[in-house]
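Shown below: final.json, with JSON, C-alpha atoms.
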[["chain", "number", "residue", "atom", "x", "y", "z"],
["S", 106, "GLN", "CA", 70.89, 76.59, 104.55],
["S", 107, "PRO", "CA", 72.79, 79.30, 102.64],
["S", 108, "ALA", "CA", 76.33, 80.07, 103.66],
["S", 109, "VAL", "CA", 76.80, 83.15, 105.78],
["S", 110, "ALA", "CA", 78.74, 85.82, 103.95],
["S", 111, "THR", "CA", 81.92, 86.98, 105.65],
["S", 112, "ASN", "CA", 82.94, 90.58, 105.86],
["S", 113, "ASP", "CA", 86.65, 91.03, 105.09],
["S", 114, "SER", "CA", 86.59, 94.75, 105.72],
["S", 115, "GLY", "CA", 87.65, 96.46, 108.90],
["S", 116, "PHE", "CA", 90.51, 95.94, 111.32],
["S", 117, "ALA", "CA", 91.07, 92.21, 110.57],
["S", 118, "SER", "CA", 91.57, 92.74, 106.85],
["S", 119, "PHE", "CA", 93.58, 95.93, 107.37],
["S", 120, "PHE", "CA", 96.13, 94.12, 109.54],
["S", 121, "LYS", "CA", 96.48, 90.73, 107.86],
["S", 122, "LEU", "CA", 99.26, 88.60, 109.35],
["S", 123, "ASN", "CA", 100.73, 87.72, 105.96],
["S", 124, "ASP", "CA", 101.40, 91.39, 105.27],
["S", 125, "PHE", "CA", 104.08, 91.53, 107.97],
["S", 126, "SER", "CA", 107.74, 90.58, 108.01],
["S", 127, "PHE", "CA", 110.47, 90.89, 110.64],
["S", 128, "ASP", "CA", 114.18, 91.54, 110.10],
["S", 129, "GLU", "CA", 116.96, 91.04, 112.64],
["S", 130, "LYS", "CA", 120.50, 92.26, 111.93],
["S", 131, "ILE", "CA", 123.66, 92.05, 114.00],
["S", 132, "ASN", "CA", 126.56, 94.28, 112.98],
["S", 133, "PHE", "CA", 129.99, 94.21, 114.60],
["S", 134, "TYR", "CA", 132.00, 97.44, 114.19],
["S", 135, "ASN", "CA", 135.73, 97.14, 114.84],
["S", 136, "LEU", "CA", 136.93, 100.63, 115.74],
["S", 137, "ASP", "CA", 140.29, 101.97, 116.88],
["S", 138, "THR", "CA", 138.46, 103.29, 119.92],
["S", 139, "GLY", "CA", 136.90, 99.89, 120.76],
["S", 140, "ASN", "CA", 134.31, 97.48, 119.42],
["S", 141, "VAL", "CA", 130.61, 98.32, 119.02],
["S", 142, "THR", "CA", 127.88, 95.74, 118.46],
["S", 143, "GLN", "CA", 124.61, 96.83, 116.87],
["S", 144, "PHE", "CA", 121.37, 94.82, 117.05],
["S", 145, "VAL", "CA", 118.74, 96.09, 114.61],
["S", 146, "GLN", "CA", 115.10, 94.97, 114.86],
["S", 147, "GLN", "CA", 112.78, 95.97, 112.02],
["S", 148, "LEU", "CA", 109.08, 95.28, 111.56],
["S", 149, "ASN", "CA", 107.76, 95.73, 107.99],
["S", 150, "TRP", "CA", 104.14, 96.06, 106.91],
["S", 151, "GLN", "CA", 102.70, 95.93, 103.40],
["S", 152, "THR", "CA", 99.87, 98.47, 103.54],
["S", 153, "PRO", "CA", 96.56, 98.16, 101.65],
["S", 154, "ILE", "CA", 97.79, 101.03, 99.44],
["S", 155, "LYS", "CA", 99.41, 99.61, 96.32],
["S", 156, "ASP", "CA", 103.24, 99.68, 96.37],
["S", 157, "LEU", "CA", 103.40, 101.36, 99.80],
["S", 158, "THR", "CA", 105.14, 99.65, 102.74],
["S", 159, "THR", "CA", 105.99, 100.95, 106.19],
["S", 160, "HIS", "CA", 108.60, 99.91, 108.73],
["S", 161, "LEU", "CA", 109.49, 100.45, 112.36],
["S", 162, "THR", "CA", 113.18, 100.08, 113.24],
["S", 163, "LEU", "CA", 114.93, 100.11, 116.60],
["S", 164, "PRO", "CA", 118.74, 99.73, 116.85],
["S", 165, "VAL", "CA", 120.36, 98.70, 120.12],
["S", 166, "TYR", "CA", 124.07, 99.32, 120.70],
["S", 167, "THR", "CA", 126.56, 98.00, 123.17],
["S", 168, "ASP", "CA", 130.21, 98.89, 123.73],
["S", 169, "GLY", "CA", 130.24, 97.91, 127.39],
["S", 170, "VAL", "CA", 127.29, 100.24, 127.91],
["S", 171, "THR", "CA", 124.00, 99.19, 126.28],
["S", 172, "GLY", "CA", 121.28, 101.48, 125.03],
["S", 173, "ALA", "CA", 118.77, 102.08, 122.23],
["S", 174, "GLY", "CA", 119.43, 104.28, 119.24],
["S", 175, "MET", "CA", 116.85, 106.49, 117.56],
["S", 176, "LEU", "CA", 113.46, 104.90, 116.81],
["S", 177, "ASP", "CA", 112.87, 104.98, 113.05],
["S", 178, "LEU", "CA", 109.38, 105.13, 111.53],
["S", 179, "GLY", "CA", 109.45, 105.06, 107.73],
["S", 180, "ALA", "CA", 107.55, 104.49, 104.52],
["S", 181, "ASP", "CA", 108.70, 103.15, 101.13],
["S", 182, "TRP", "CA", 106.82, 103.76, 97.87],
["S", 183, "THR", "CA", 107.57, 101.96, 94.61],
["S", 184, "PHE", "CA", 106.73, 104.80, 92.24],
["S", 185, "VAL", "CA", 107.70, 103.10, 88.98],
["S", 186, "HIS", "CA", 107.89, 99.51, 87.72],
["S", 187, "LYS", "CA", 110.14, 98.34, 84.87],
["S", 188, "PRO", "CA", 110.96, 101.79, 83.43],
["S", 189, "LEU", "CA", 113.88, 100.26, 81.51],
["S", 190, "SER", "CA", 114.71, 96.75, 80.36],
["S", 191, "PHE", "CA", 117.54, 96.51, 82.92],
["S", 192, "MET", "CA", 115.70, 98.30, 85.77],
["S", 193, "ASP", "CA", 112.96, 96.44, 87.67],
["S", 194, "LYS", "CA", 111.70, 99.27, 89.89],
["S", 195, "ALA", "CA", 112.52, 102.47, 91.76],
["S", 196, "ASP", "CA", 111.54, 103.38, 95.34],
["S", 197, "LEU", "CA", 111.23, 106.59, 97.32],
["S", 198, "SER", "CA", 111.49, 106.51, 101.11],
["S", 199, "VAL", "CA", 110.83, 108.92, 103.97],
["S", 200, "ASP", "CA", 111.92, 108.11, 107.52],
["S", 201, "VAL", "CA", 111.41, 109.98, 110.76],
["S", 202, "LYS", "CA", 113.93, 109.23, 113.52],
["S", 203, "LEU", "CA", 112.60, 109.82, 117.01],
["S", 204, "PRO", "CA", 114.88, 110.42, 120.03],
["S", 205, "THR", "CA", 115.28, 107.80, 122.74],
["S", 206, "SER", "CA", 117.90, 109.60, 124.88],
["S", 207, "SER", "CA", 119.21, 106.14, 125.80],
["S", 208, "ALA", "CA", 122.83, 105.93, 127.05],
["S", 209, "GLY", "CA", 123.97, 108.56, 124.54],
["S", 210, "TYR", "CA", 123.07, 106.50, 121.44],
["S", 211, "GLY", "CA", 120.56, 108.94, 120.00],
["S", 212, "GLY", "CA", 119.92, 112.63, 119.56],
["S", 213, "ASN", "CA", 117.46, 114.80, 121.43],
["S", 214, "SER", "CA", 115.36, 115.91, 118.48],
["S", 215, "VAL", "CA", 113.65, 114.55, 115.34],
["S", 216, "ASN", "CA", 115.72, 113.71, 112.24],
["S", 217, "VAL", "CA", 114.23, 113.25, 108.77],
["S", 218, "VAL", "CA", 115.81, 110.86, 106.23],
["S", 219, "LEU", "CA", 115.00, 110.95, 102.50],
["S", 220, "GLY", "CA", 116.02, 108.07, 100.26],
["S", 221, "LEU", "CA", 115.94, 106.68, 96.72],
["S", 222, "ALA", "CA", 116.63, 103.07, 95.72],
["S", 223, "THR", "CA", 116.51, 101.00, 92.54],
["S", 224, "GLU", "CA", 117.41, 97.50, 91.35],
["S", 225, "GLY", "CA", 117.47, 95.41, 88.22],
["S", 226, "THR", "CA", 119.15, 92.79, 86.05],
["S", 227, "THR", "CA", 122.19, 92.73, 83.76],
["S", 228, "PHE", "CA", 123.03, 91.17, 80.42],
["S", 229, "VAL", "CA", 124.81, 88.40, 82.37],
["S", 230, "ASP", "CA", 122.48, 85.57, 83.35],
["S", 231, "LYS", "CA", 121.81, 85.38, 87.11],
["S", 232, "LEU", "CA", 123.68, 88.65, 87.80],
["S", 233, "THR", "CA", 121.56, 91.40, 89.44],
["S", 234, "TRP", "CA", 122.33, 94.86, 90.76],
["S", 235, "GLY", "CA", 121.00, 97.37, 93.26],
["S", 236, "ALA", "CA", 121.75, 100.98, 94.19],
["S", 237, "GLY", "CA", 120.47, 103.58, 96.61],
["S", 238, "MET", "CA", 121.20, 106.72, 98.55],
["S", 239, "ASN", "CA", 119.79, 108.55, 101.55],
["S", 240, "TRP", "CA", 120.35, 111.84, 103.31],
["S", 241, "GLU", "CA", 119.72, 112.33, 107.02],
["S", 242, "PHE", "CA", 118.89, 115.87, 108.10],
["S", 243, "ASN", "CA", 120.54, 115.82, 111.51],
["S", 244, "THR", "CA", 118.89, 118.38, 113.78],
["S", 245, "ASN", "CA", 120.48, 117.51, 117.13],
["S", 246, "GLY", "CA", 122.72, 114.49, 116.72],
["S", 247, "ASP", "CA", 122.63, 110.77, 115.91],
["S", 248, "TYR", "CA", 124.83, 107.77, 116.69],
["S", 249, "ILE", "CA", 126.63, 106.55, 113.53],
["S", 250, "PRO", "CA", 129.20, 103.80, 114.27],
["S", 251, "VAL", "CA", 131.18, 104.15, 111.00],
["S", 252, "PHE", "CA", 132.10, 107.67, 112.12],
["S", 253, "GLY", "CA", 133.06, 106.52, 115.58],
["S", 254, "GLY", "CA", 129.84, 107.36, 117.38],
["S", 255, "PHE", "CA", 127.77, 110.49, 117.96],
["S", 256, "THR", "CA", 127.71, 113.18, 115.27],
["S", 257, "THR", "CA", 125.70, 116.35, 114.75],
["S", 258, "GLU", "CA", 126.46, 116.58, 111.01],
["S", 259, "ASP", "CA", 124.06, 115.75, 108.20],
["S", 260, "ILE", "CA", 124.80, 112.23, 106.91],
["S", 261, "MET", "CA", 124.73, 110.84, 103.38],
["S", 262, "ASN", "CA", 125.03, 107.16, 102.47],
["S", 263, "VAL", "CA", 125.32, 105.87, 98.89],
["S", 264, "ASN", "CA", 125.27, 102.11, 98.38],
["S", 265, "ALA", "CA", 125.50, 99.66, 95.50],
["S", 266, "ASP", "CA", 125.67, 95.90, 95.11],
["S", 267, "LEU", "CA", 126.15, 93.17, 92.52],
["S", 268, "ALA", "CA", 124.79, 89.68, 93.27],
["S", 269, "TYR", "CA", 125.29, 86.44, 91.37],
["S", 270, "GLU", "CA", 123.17, 83.33, 91.98],
["S", 271, "LEU", "CA", 125.71, 80.56, 92.64],
["S", 272, "VAL", "CA", 123.04, 77.88, 93.05],
["S", 273, "ASP", "CA", 119.30, 78.01, 93.52],
["S", 274, "LYS", "CA", 118.45, 80.48, 96.33],
["S", 275, "LEU", "CA", 122.11, 81.20, 97.21],
["S", 276, "ASP", "CA", 123.70, 84.47, 96.04],
["S", 277, "LEU", "CA", 127.27, 85.74, 96.26],
["S", 278, "ALA", "CA", 127.33, 89.54, 96.37],
["S", 279, "VAL", "CA", 129.73, 92.46, 96.49],
["S", 280, "ASN", "CA", 128.52, 95.46, 98.51],
["S", 281, "TYR", "CA", 129.84, 99.03, 98.30],
["S", 282, "ASN", "CA", 129.01, 101.92, 100.64],
["S", 283, "PHE", "CA", 130.07, 105.57, 100.58],
["S", 284, "TRP", "CA", 129.52, 107.58, 103.77],
["S", 285, "TYR", "CA", 129.73, 111.37, 103.92],
["S", 286, "LEU", "CA", 129.30, 114.07, 106.58],
["S", 287, "ASP", "CA", 128.52, 117.62, 105.52],
["S", 288, "SER", "CA", 131.70, 118.65, 107.34],
["S", 289, "GLY", "CA", 133.54, 116.94, 104.46],
["S", 290, "ASP", "CA", 134.60, 113.74, 106.25],
["S", 291, "SER", "CA", 133.94, 110.62, 104.18],
["S", 292, "LEU", "CA", 134.85, 106.97, 103.84],
["S", 293, "SER", "CA", 134.04, 103.99, 101.61],
["S", 294, "THR", "CA", 133.63, 100.31, 102.37],
["S", 295, "ILE", "CA", 133.53, 97.28, 100.09],
["S", 296, "GLY", "CA", 133.19, 93.59, 100.79],
["S", 297, "PRO", "CA", 131.62, 90.23, 99.99],
["S", 298, "ALA", "CA", 128.28, 88.90, 101.21],
["S", 299, "LEU", "CA", 126.27, 85.67, 101.03],
["S", 300, "ASN", "CA", 122.47, 85.76, 100.80],
["S", 301, "TRP", "CA", 120.51, 82.54, 101.27],
["S", 302, "SER", "CA", 116.75, 82.13, 100.86],
["S", 303, "ILE", "CA", 116.32, 79.10, 103.06],
["S", 304, "CYS", "CA", 112.56, 78.90, 102.33],
["S", 305, "PRO", "CA", 109.90, 81.14, 100.70],
["S", 306, "ASN", "CA", 109.38, 82.99, 103.99],
["S", 307, "ALA", "CA", 112.90, 83.25, 105.42],
["S", 308, "ASP", "CA", 116.30, 84.64, 104.37],
["S", 309, "LEU", "CA", 119.75, 84.65, 105.95],
["S", 310, "ASN", "CA", 122.77, 86.76, 105.02],
["S", 311, "PHE", "CA", 126.37, 87.33, 106.04],
["S", 312, "GLY", "CA", 128.84, 90.00, 104.94],
["S", 313, "VAL", "CA", 132.12, 91.75, 105.66],
["S", 314, "ASP", "CA", 132.80, 95.43, 104.86],
["S", 315, "VAL", "CA", 136.39, 96.64, 104.56],
["S", 316, "PRO", "CA", 136.93, 100.43, 104.77],
["S", 317, "PHE", "CA", 139.14, 102.36, 102.35],
["S", 318, "ALA", "CA", 139.62, 105.97, 101.20],
["S", 319, "GLN", "CA", 139.01, 107.06, 104.78],
["S", 320, "TYR", "CA", 139.22, 110.59, 106.13],
["S", 321, "THR", "CA", 142.10, 111.41, 108.41],
["S", 322, "GLY", "CA", 141.37, 110.16, 111.90],
["S", 323, "SER", "CA", 138.70, 107.64, 110.83],
["S", 324, "PRO", "CA", 138.38, 104.99, 113.58],
["S", 325, "LEU", "CA", 136.74, 102.26, 111.43],
["S", 326, "ASP", "CA", 138.76, 99.07, 110.80],
["S", 327, "LEU", "CA", 136.14, 96.47, 109.81],
["S", 328, "ILE", "CA", 132.40, 95.68, 109.81],
["S", 329, "VAL", "CA", 131.03, 92.12, 110.10],
["S", 330, "ARG", "CA", 127.31, 91.68, 109.41],
["S", 331, "PHE", "CA", 124.77, 88.93, 110.11],
["S", 332, "GLY", "CA", 121.10, 89.19, 109.21],
["S", 333, "GLY", "CA", 117.86, 87.30, 108.86],
["S", 334, "SER", "CA", 114.26, 88.04, 107.86],
["S", 335, "VAL", "CA", 111.00, 86.16, 108.32],
["S", 336, "LYS", "CA", 107.78, 86.91, 106.43],
["S", 337, "PHE", "CA", 104.55, 85.90, 108.10]]
What would you get if you wrote out this structure as structure tokens?
Amino acid sequence: QPAVATNDSGFASFFKLNDFSFDEKINFYNLDTGNVTQFVQQLNWQTPIKDLTTHLTLPVYTDGVTGAGMLDLGADWTFVHKPLSFMDKADLSVDVKLPTSSAGYGGNSVNVVLGLATEGTTFVDKLTWGAGMNWEFNTNGDYIPVFGGFTTEDIMNVNADLAYELVDKLDLAVNYNFWYLDSGDSLSTIGPALNWSICPNADLNFGVDVPFAQYTGSPLDLIVRFGGSVKF
């Protein structure tokens, strides 16, 4: 009896389980005005369109009062591969932040975020680099802990990192971030991080960000980060 042909088209093939991954991050912000803990849940999906992924992100904050931040729906497109010998790829991203109106941790309108990111290798064996920037068009406010909480200004973040593979699957990194409000307020952070690929489908990371070159009145003293991701 001949085998029955299977049809891989349709809903089942469009939403294959192995196209999904889940990230969980916990960030502790030490501020002059008090401590804020941020829990970030992100679901990622590799779409059937080549080099296009989407994500759904929900941050939850607590400083004695707990509430959800803005719900982020975004897409990332790798528009070029290996354009230079030291550059592996470059990505464009578009995110739409939707209001939750939860305990004052989000705005009351829709914010759009545009981003660009790239990464690659160096002439030093096992030393890699990454860089990116994004701009949030802030229409009616967003909660940004590094600036002490709620702001109605447009927000820019520029980031860069260097990572060295200490042993197989364990990297020591240095992360840099520059934050800017269109009012002119800005600050930078730098600090070490450890990234561990515990198995092909799971990663863990830990980092500390120390602020410097802060604007007058900046409340940020320290950021401690924990994170993990699981790919199905």
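For S:Ala278, the set of protein, DNA and RNA residues having any atom at most 8 Å away, when counting all atoms listed in the file and skipping those fewer than 6 positions along the same chain, is S:Asp266, S:Leu267, S:Ala268, S:Tyr269, S:Pro297, S:Ala298, S:Leu299, S:Asn300.
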**Asked** Excluding same-chain residues fewer than 6 positions from S:Asn306, what lies within 7 Å of it counting only C-alpha atoms, as a PyMOL selection string?
**Response** chain S and resi 335-337
Selection to disk with C-alpha atoms, as a compact mmCIF listing (two decimals), in the coordinates of the input:
# COMPACT_ATOMS: atom_id res chain seq x y z
CA VAL S 335 111.00 86.16 108.32
CA LYS S 336 107.78 86.91 106.43
CA PHE S 337 104.55 85.90 108.10
**Within 6 Å of S:Val313 using all atoms listed in the file, minus same-chain residues under 2 positions, as JSON, numbers by chain** = {"S": [296, 297, 328, 329]}
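The coordinates place atom CA of S:Tyr210 at 7.9 Å from atom CA of S:Gly254.
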**Message:** Here is a test: counting only C-alpha atoms, which residue of S:Gly322, S:Asp273, S:Ser288, S:Val201 is nearest to S:Ser302?
**Reply:** S:Asp273
**Request:** Write out as a PyMOL selection string the residues lying within 10 Å of stretch 191-198 of chain S, counting only C-alpha atoms and excluding same-chain residues fewer than 5 positions away.
**Result:** chain S and resi 156-159+179-186+218-228+233-237+239
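Between atom CA of S:Val217 and atom CA of S:Tyr166 the separation is 20.8 Å.
What separates atom CA of S:Pro324 from atom CA of S:Leu176 is a distance of 25.1 Å.
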Set out as CSV a contact list for stretch 128-194 of chain S and stretch 240-246 of chain S with a cut-off of 12 Å, giving each residue of stretch 128-194 of chain S that qualifies its closest atom pair and distance in Å to one decimal, counting only C-alpha atoms, ordered by chain and rising residue number.
residue,atom,partner,partner_atom,distance
S:Gly174,CA,S:Gly246,CA,11.0
S:Met175,CA,S:Gly246,CA,10.0
S:Asp177,CA,S:Glu241,CA,11.7
Deliver the residues from the most recent selection as a file, using C-alpha atoms, as a compact mmCIF listing (two decimals), keeping the file's coordinate frame.
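Contents of again-v8.txt, as written:
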# COMPACT_ATOMS: atom_id res chain seq x y z
CA GLY S 174 119.43 104.28 119.24
CA MET S 175 116.85 106.49 117.56
CA ASP S 177 112.87 104.98 113.05
**Message:** With distances taken over only C-alpha atoms, which residue among S:Asn310, S:Asn213, S:Ser126, S:Thr171 lies nearest S:Val141?
**Reply:** S:Thr171
**Request:** For a cut-off of 10 Å around (131.0, 106.1, 116.7), file coordinates, pick out all residues using only C-alpha atoms and list them as a ChimeraX atom specification.
**Result:** /S:134,136,138-141,210,247-256,323-325
Please define a box with edges along x, y and z of the file around all atoms of stretch 244-256 of chain S given in the file, extend it by 4 Å on each side, and return its centre and edge lengths in Å to one decimal, as JSON.
{"center_x": 126.0, "center_y": 111.1, "center_z": 114.5, "size_x": 22.2, "size_y": 22.6, "size_z": 15.0}
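Nearest residue to S:Lys130 among S:Gln147, S:Ser206, S:Asn282, S:Asn216 is S:Gln147, counting all atoms listed in the file.
Residues in contact with S:Phe331 at up to 8 Å, not including ones fewer than 5 positions away on its chain and judged by all atoms listed in the file, are S:Lys130, S:Ile131, S:Asn132, S:Leu309, S:Asn310, S:Phe311, S:Gly312.
Comparing the minimum interatomic distances between S:Leu292 and each of S:Val215, S:Val263, S:Leu148, S:Leu189, counting only C-alpha atoms, we find that S:Val263 sits nearest.
For the residues S:Trp284, S:Asp259, S:Lys231, S:Pro305, ranking by smallest atom-to-atom distance to S:Leu271 using all atoms listed in the file places S:Lys231 first.
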